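Listing of entry22.txt; format and content: compact mmCIF, C-alpha atoms and all ligand atoms.
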```
# COMPACT_ATOMS: atom_id res chain seq x y z
CA MET I 1 -21.22 2.89 -21.20
CA GLU I 2 -24.03 2.58 -23.71
CA LYS I 3 -24.20 5.36 -26.32
CA ARG I 4 -26.48 8.18 -25.31
CA CYS I 5 -27.61 11.23 -27.17
CA GLY I 6 -28.84 14.38 -25.58
CA SER I 7 -27.72 16.69 -22.88
CA THR I 8 -24.73 16.61 -20.62
CA LEU I 9 -24.14 17.97 -17.17
CA LYS I 10 -21.16 19.09 -15.17
CA LEU I 11 -20.58 16.89 -12.20
CA GLU I 12 -18.55 18.09 -9.27
CA CYS I 13 -18.25 15.73 -6.35
CA SER I 14 -15.69 14.08 -4.14
CA ILE I 15 -14.74 10.48 -4.83
CA ASN I 16 -12.31 8.74 -2.50
CA ASN I 17 -11.16 12.12 -1.16
CA GLU I 18 -10.45 13.50 -4.62
CA THR I 19 -12.42 16.36 -6.11
CA ILE I 20 -13.89 15.35 -9.44
CA ASN I 21 -14.99 17.84 -12.07
CA ILE I 22 -16.23 16.16 -15.22
CA THR I 23 -18.88 16.51 -17.88
CA VAL I 24 -21.05 13.44 -18.22
CA PRO I 25 -24.20 12.50 -20.15
CA ALA I 26 -27.18 13.69 -18.10
CA SER I 27 -28.56 10.16 -18.30
CA ALA I 28 -25.39 8.53 -16.90
CA ARG I 29 -25.71 6.55 -13.72
CA LEU I 30 -23.17 6.77 -10.92
CA SER I 31 -22.06 3.19 -11.64
CA ASP I 32 -21.25 4.21 -15.24
CA ILE I 33 -19.39 7.26 -14.04
CA VAL I 34 -17.15 5.50 -11.53
CA ARG I 35 -16.42 2.55 -13.79
CA GLU I 36 -16.19 4.08 -17.22
CA GLU I 37 -15.34 7.74 -16.75
CA LEU I 38 -13.08 7.31 -13.70
CA HIS I 39 -11.93 3.71 -14.33
CA LEU I 40 -12.74 2.67 -10.78
CA THR I 41 -13.79 -0.79 -11.88
CA GLY I 42 -13.83 -2.29 -8.39
CA THR I 43 -17.48 -1.29 -8.29
CA LYS I 44 -19.32 -4.05 -10.14
CA VAL I 45 -22.58 -4.04 -12.06
CA SER I 46 -24.69 -7.16 -12.22
CA CYS I 47 -28.46 -6.65 -12.24
CA GLY I 48 -28.40 -2.94 -13.10
CA ILE I 49 -31.78 -2.47 -11.43
CA GLY I 50 -31.06 -2.15 -7.73
CA ARG I 51 -31.55 -5.75 -6.72
CA CYS I 52 -28.11 -7.27 -6.09
CA GLY I 53 -25.89 -4.72 -4.31
CA ALA I 54 -22.85 -5.46 -6.51
CA CYS I 55 -22.63 -1.76 -7.36
CA ALA I 56 -22.94 -0.49 -3.78
CA VAL I 57 -20.91 2.57 -2.80
CA ILE I 58 -21.13 4.96 0.13
CA MET I 59 -22.61 8.34 -0.74
CA ASP I 60 -22.83 11.01 1.97
CA GLY I 61 -22.47 8.30 4.59
CA ARG I 62 -25.26 6.11 3.23
CA LEU I 63 -25.06 2.87 1.31
CA VAL I 64 -26.48 3.33 -2.20
CA ASN I 65 -26.77 1.12 -5.22
CA SER I 66 -24.86 3.23 -7.71
CA CYS I 67 -26.80 1.78 -10.65
CA LEU I 68 -29.83 3.64 -9.31
CA VAL I 69 -28.13 7.01 -8.75
CA MET I 70 -28.40 9.41 -11.66
CA ALA I 71 -25.55 11.82 -12.36
CA TYR I 72 -27.46 14.88 -11.13
CA GLN I 73 -28.13 13.16 -7.80
CA ALA I 74 -24.38 12.78 -7.22
CA LYS I 75 -23.67 16.51 -7.57
CA LYS I 76 -21.73 17.89 -4.60
CA SER I 77 -21.82 14.52 -2.87
CA VAL I 78 -19.04 12.74 -1.03
CA ILE I 79 -18.59 9.23 -2.38
CA GLN I 80 -16.43 6.33 -1.33
CA THR I 81 -15.88 3.31 -3.55
CA ILE I 82 -14.00 0.11 -2.78
CA GLU I 83 -10.81 1.74 -4.12
CA GLY I 84 -10.99 4.24 -1.26
CA VAL I 85 -11.24 1.69 1.52
CA ALA I 86 -7.63 0.58 2.03
CA THR I 87 -5.16 3.12 3.36
CA GLU I 88 -1.40 3.62 3.04
CA ASP I 89 -1.11 1.44 6.14
CA GLY I 90 -2.76 -1.50 4.41
CA LEU I 91 -6.10 -3.17 4.04
CA ASP I 92 -9.14 -2.05 5.96
CA PRO I 93 -9.96 -4.52 8.81
CA ILE I 94 -13.08 -5.53 6.90
CA GLN I 95 -11.07 -6.42 3.79
CA GLN I 96 -8.62 -8.38 5.93
CA ALA I 97 -11.46 -10.24 7.63
CA PHE I 98 -12.94 -11.26 4.27
CA LEU I 99 -9.52 -12.63 3.29
CA ASP I 100 -8.98 -14.41 6.61
CA GLU I 101 -12.41 -15.98 6.77
CA GLY I 102 -12.89 -16.94 3.12
CA GLY I 103 -15.68 -14.41 2.71
CA PHE I 104 -15.61 -14.66 -1.07
CA GLN I 105 -15.08 -17.05 -3.94
CA CYS I 106 -15.42 -15.38 -7.35
CA GLY I 107 -15.33 -11.99 -5.61
CA TYR I 108 -17.91 -10.29 -7.81
CA CYS I 109 -20.18 -9.39 -4.91
CA THR I 110 -17.31 -8.56 -2.56
CA PRO I 111 -16.76 -4.82 -3.20
CA GLY I 112 -20.45 -4.08 -2.66
CA MET I 113 -20.53 -6.41 0.33
CA ILE I 114 -17.56 -4.64 1.93
CA MET I 115 -19.15 -1.22 1.43
CA ALA I 116 -22.33 -2.54 3.07
CA VAL I 117 -20.34 -3.93 6.01
CA LYS I 118 -18.53 -0.59 6.40
CA VAL I 119 -21.83 1.23 6.82
CA LEU I 120 -23.19 -1.50 9.09
CA LEU I 121 -20.19 -1.44 11.45
CA THR I 122 -20.12 2.36 11.50
CA GLU I 123 -23.73 2.41 12.66
CA ASN I 124 -23.56 -0.74 14.79
CA PRO I 125 -20.02 -1.92 15.64
CA ASN I 126 -21.25 -5.08 17.36
CA PRO I 127 -24.13 -6.52 15.33
CA THR I 128 -25.81 -9.85 16.07
CA ASP I 129 -25.82 -12.54 13.39
CA GLU I 130 -29.47 -11.67 12.76
CA GLU I 131 -28.60 -8.02 12.26
CA ILE I 132 -25.74 -8.96 9.92
CA VAL I 133 -28.03 -11.12 7.78
CA ASP I 134 -30.68 -8.41 7.77
CA ARG I 135 -28.29 -5.61 6.80
CA LEU I 136 -26.67 -7.67 4.04
CA SER I 137 -30.00 -8.80 2.60
CA GLY I 138 -29.59 -6.35 -0.29
CA ASN I 139 -26.20 -7.82 -1.27
CA LEU I 140 -26.51 -11.08 -3.14
CA CYS I 141 -23.75 -13.67 -3.34
CA ARG I 142 -24.09 -16.61 -5.69
CA CYS I 143 -21.00 -18.45 -4.46
CA THR I 144 -20.31 -18.58 -0.77
CA GLY I 145 -23.49 -19.63 0.98
CA TYR I 146 -22.87 -16.62 3.27
CA ALA I 147 -21.20 -18.55 6.13
CA GLY I 148 -17.76 -17.11 5.34
CA ILE I 149 -19.25 -13.66 4.89
CA ILE I 150 -20.91 -13.76 8.30
CA ARG I 151 -17.67 -15.01 9.90
CA ALA I 152 -15.82 -12.16 8.19
CA VAL I 153 -18.27 -9.57 9.52
CA ARG I 154 -17.94 -11.04 13.04
CA GLN I 155 -14.14 -10.89 12.82
CA ALA I 156 -14.23 -7.34 11.46
CA SER I 157 -16.64 -6.38 14.23
CA ASN I 158 -14.25 -7.79 16.85
CA ARG I 159 -11.40 -5.77 15.35
CA VAL I 160 -13.47 -2.60 15.18
CA CYS I 161 -14.70 -3.05 18.79
CA THR I 162 -11.15 -3.74 20.01
CA SER I 163 -9.86 -0.61 18.29
CA ILE I 164 -12.67 1.44 19.90
CA GLU I 165 -11.87 0.18 23.45
S1 LIG U 201 -25.97 -3.71 -10.23
FE1 LIG U 201 -26.77 -2.22 -8.93
S2 LIG U 201 -27.98 -3.30 -7.53
FE2 LIG U 201 -27.35 -4.81 -8.96
S1 LIG U 202 -18.20 -14.50 -4.10
FE1 LIG U 202 -19.08 -14.91 -6.05
S2 LIG U 202 -20.92 -13.78 -6.01
FE2 LIG U 202 -20.17 -13.62 -4.00
```
Show how you would write the structure in this file as structure tokens.
Ligand code: FES
Ligand code: FES
Amino acid sequence: MEKRCGSTLKLECSINNETINITVPASARLSDIVREELHLTGTKVSCGIGRCGACAVIMDGRLVNSCLVMAYQAKKSVIQTIEGVATEDGLDPIQQAFLDEGGFQCGYCTPGMIMAVKVLLTENPNPTDEEIVDRLSGNLCRCTGYAGIIRAVRQASNRVCTSIE
């Protein structure tokens, strides 16, 4: 995190089902907090200005770019990062689908992509290809050409729909 002078604030929130109580610089962004204060480095930072989705996390059920969320905005919120996606039983079906379908190469975009897919499939368990492309338009991937990502979302959708039936 870059050096900041000035005020601090107490941040209480829930991250991956754990209550967090820390003091952070008032100017810290949520991406700084999860990566550098909490060492949850699965959340990536690329553009730092809300354009690439690498830093996406789920906050109060909504997908947010954590590089655009200031510390005070995270107060009392419920946050999930990529580290909170797998369970004791294993990988989340979305993670497994990305593995099975070659939905990543370097993997830098993948945590943000998976958080975006989680929100998408929660809201719409059976999206069309058009809806998948539309909903992932804020998550940029420089490597894959998106075909593997779309296959992964389709496979994850099939698993989610099967588990709902
Ligand atoms: S690093 Fe946050 S949107 Fe790019
Ligand atoms: S897998 Fe490399 S940026 Fe997406």
Please provide as a VMD selection string all residues within 7 Å of Ala28 of chain I, with the sequence filter that same-chain residues fewer than 5 positions apart are discarded (counting only C-alpha atoms). chain I and resid 33 70 to 71
Protein and nucleic residues near ligand LIG 202 (chain U), 9 Å, only C-alpha atoms and all ligand atoms, as a PyMOL selection string: chain I and resi 54+103-110+113+139-146+149
Given the point (-23.9, -2.1, 15.5) in the file's coordinates, find the residues that have an atom at most 12 Å from it, counting all atoms listed in the file, and give them as an mmCIF file with C-alpha atoms, in the coordinates of the input.
```cif
data_model
loop_
_atom_site.group_PDB
_atom_site.id
_atom_site.type_symbol
_atom_site.label_atom_id
_atom_site.label_comp_id
_atom_site.auth_asym_id
_atom_site.auth_seq_id
_atom_site.Cartn_x
_atom_site.Cartn_y
_atom_site.Cartn_z
ATOM 1 C CA VAL I 117 -20.340 -3.930 6.010
ATOM 2 C CA LYS I 118 -18.530 -0.590 6.400
ATOM 3 C CA VAL I 119 -21.830 1.230 6.820
ATOM 4 C CA LEU I 120 -23.190 -1.500 9.090
ATOM 5 C CA LEU I 121 -20.190 -1.440 11.450
ATOM 6 C CA THR I 122 -20.120 2.360 11.500
ATOM 7 C CA GLU I 123 -23.730 2.410 12.660
ATOM 8 C CA ASN I 124 -23.560 -0.740 14.790
ATOM 9 C CA PRO I 125 -20.020 -1.920 15.640
ATOM 10 C CA ASN I 126 -21.250 -5.080 17.360
ATOM 11 C CA PRO I 127 -24.130 -6.520 15.330
ATOM 12 C CA THR I 128 -25.810 -9.850 16.070
ATOM 13 C CA ASP I 129 -25.820 -12.540 13.390
ATOM 14 C CA GLU I 130 -29.470 -11.670 12.760
ATOM 15 C CA GLU I 131 -28.600 -8.020 12.260
ATOM 16 C CA ILE I 132 -25.740 -8.960 9.920
ATOM 17 C CA ARG I 135 -28.290 -5.610 6.800
ATOM 18 C CA VAL I 153 -18.270 -9.570 9.520
ATOM 19 C CA ARG I 154 -17.940 -11.040 13.040
ATOM 20 C CA ALA I 156 -14.230 -7.340 11.460
ATOM 21 C CA SER I 157 -16.640 -6.380 14.230
ATOM 22 C CA ASN I 158 -14.250 -7.790 16.850
ATOM 23 C CA VAL I 160 -13.470 -2.600 15.180
ATOM 24 C CA CYS I 161 -14.700 -3.050 18.790
#
```
Write out as a VMD selection string each polymer residue (protein, DNA or RNA) that has an atom no more than 12 Å from ligand LIG 201 (chain U), with only C-alpha atoms and all ligand atoms counted. chain I and resid 29 to 32 35 43 to 57 63 to 69 108 to 109 111 to 113 137 to 141
In Å, how far is it from atom CA of Ser7 of chain I to atom CA of Ala26 of chain I? 5.7 Å
Please, what is the axis-aligned box for every listed atom of segment 74-89 of chain I with 6 Å on each side, as centre and edge lengths in Å to one decimal, as JSON?
```
{"center_x": -12.7, "center_y": 9.0, "center_z": -0.7, "size_x": 35.3, "size_y": 29.8, "size_z": 25.7}
```
So what do you get for atom CA of Glu101 of chain I versus atom CA of Asp60 of chain I, distance-wise? 29.3 Å
Select from segment 19-52 of chain I every residue with an atom at most 9 Å from any atom of segment 79-100 of chain I, then for each give the shortest pair of atoms and their distance in Å to one decimal, using only C-alpha atoms, rows by chain and rising number, as a Markdown table.
```
| residue | atom | partner | partner_atom | distance |
| --- | --- | --- | --- | --- |
| I:Val34 | CA | I:Thr81 | CA | 8.4 |
| I:Leu40 | CA | I:Glu83 | CA | 7.0 |
| I:Thr41 | CA | I:Glu83 | CA | 8.7 |
| I:Gly42 | CA | I:Ile82 | CA | 6.1 |
| I:Thr43 | CA | I:Ile82 | CA | 6.7 |
```
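Atom to atom, atom CA of Ala147 of chain I and atom CA of Ile58 of chain I stand 24.3 Å apart.
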Nearest to His39 of chain I: which of I:Ala152, I:Val78, I:Leu136, I:Ile15 is it, counting only C-alpha atoms?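 Of I:Ala152, I:Val78, I:Leu136, I:Ile15, the one nearest His39 of chain I, counting only C-alpha atoms, is I:Ile15.
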Identify which of the residues I:Glu18, I:Gly102, I:Pro25, I:Gln73 lies closest to Gly148 of chain I, counting only C-alpha atoms when measuring atom-to-atom distances.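 Nearest candidate to Gly148 of chain I out of I:Glu18, I:Gly102, I:Pro25, I:Gln73: I:Gly102.
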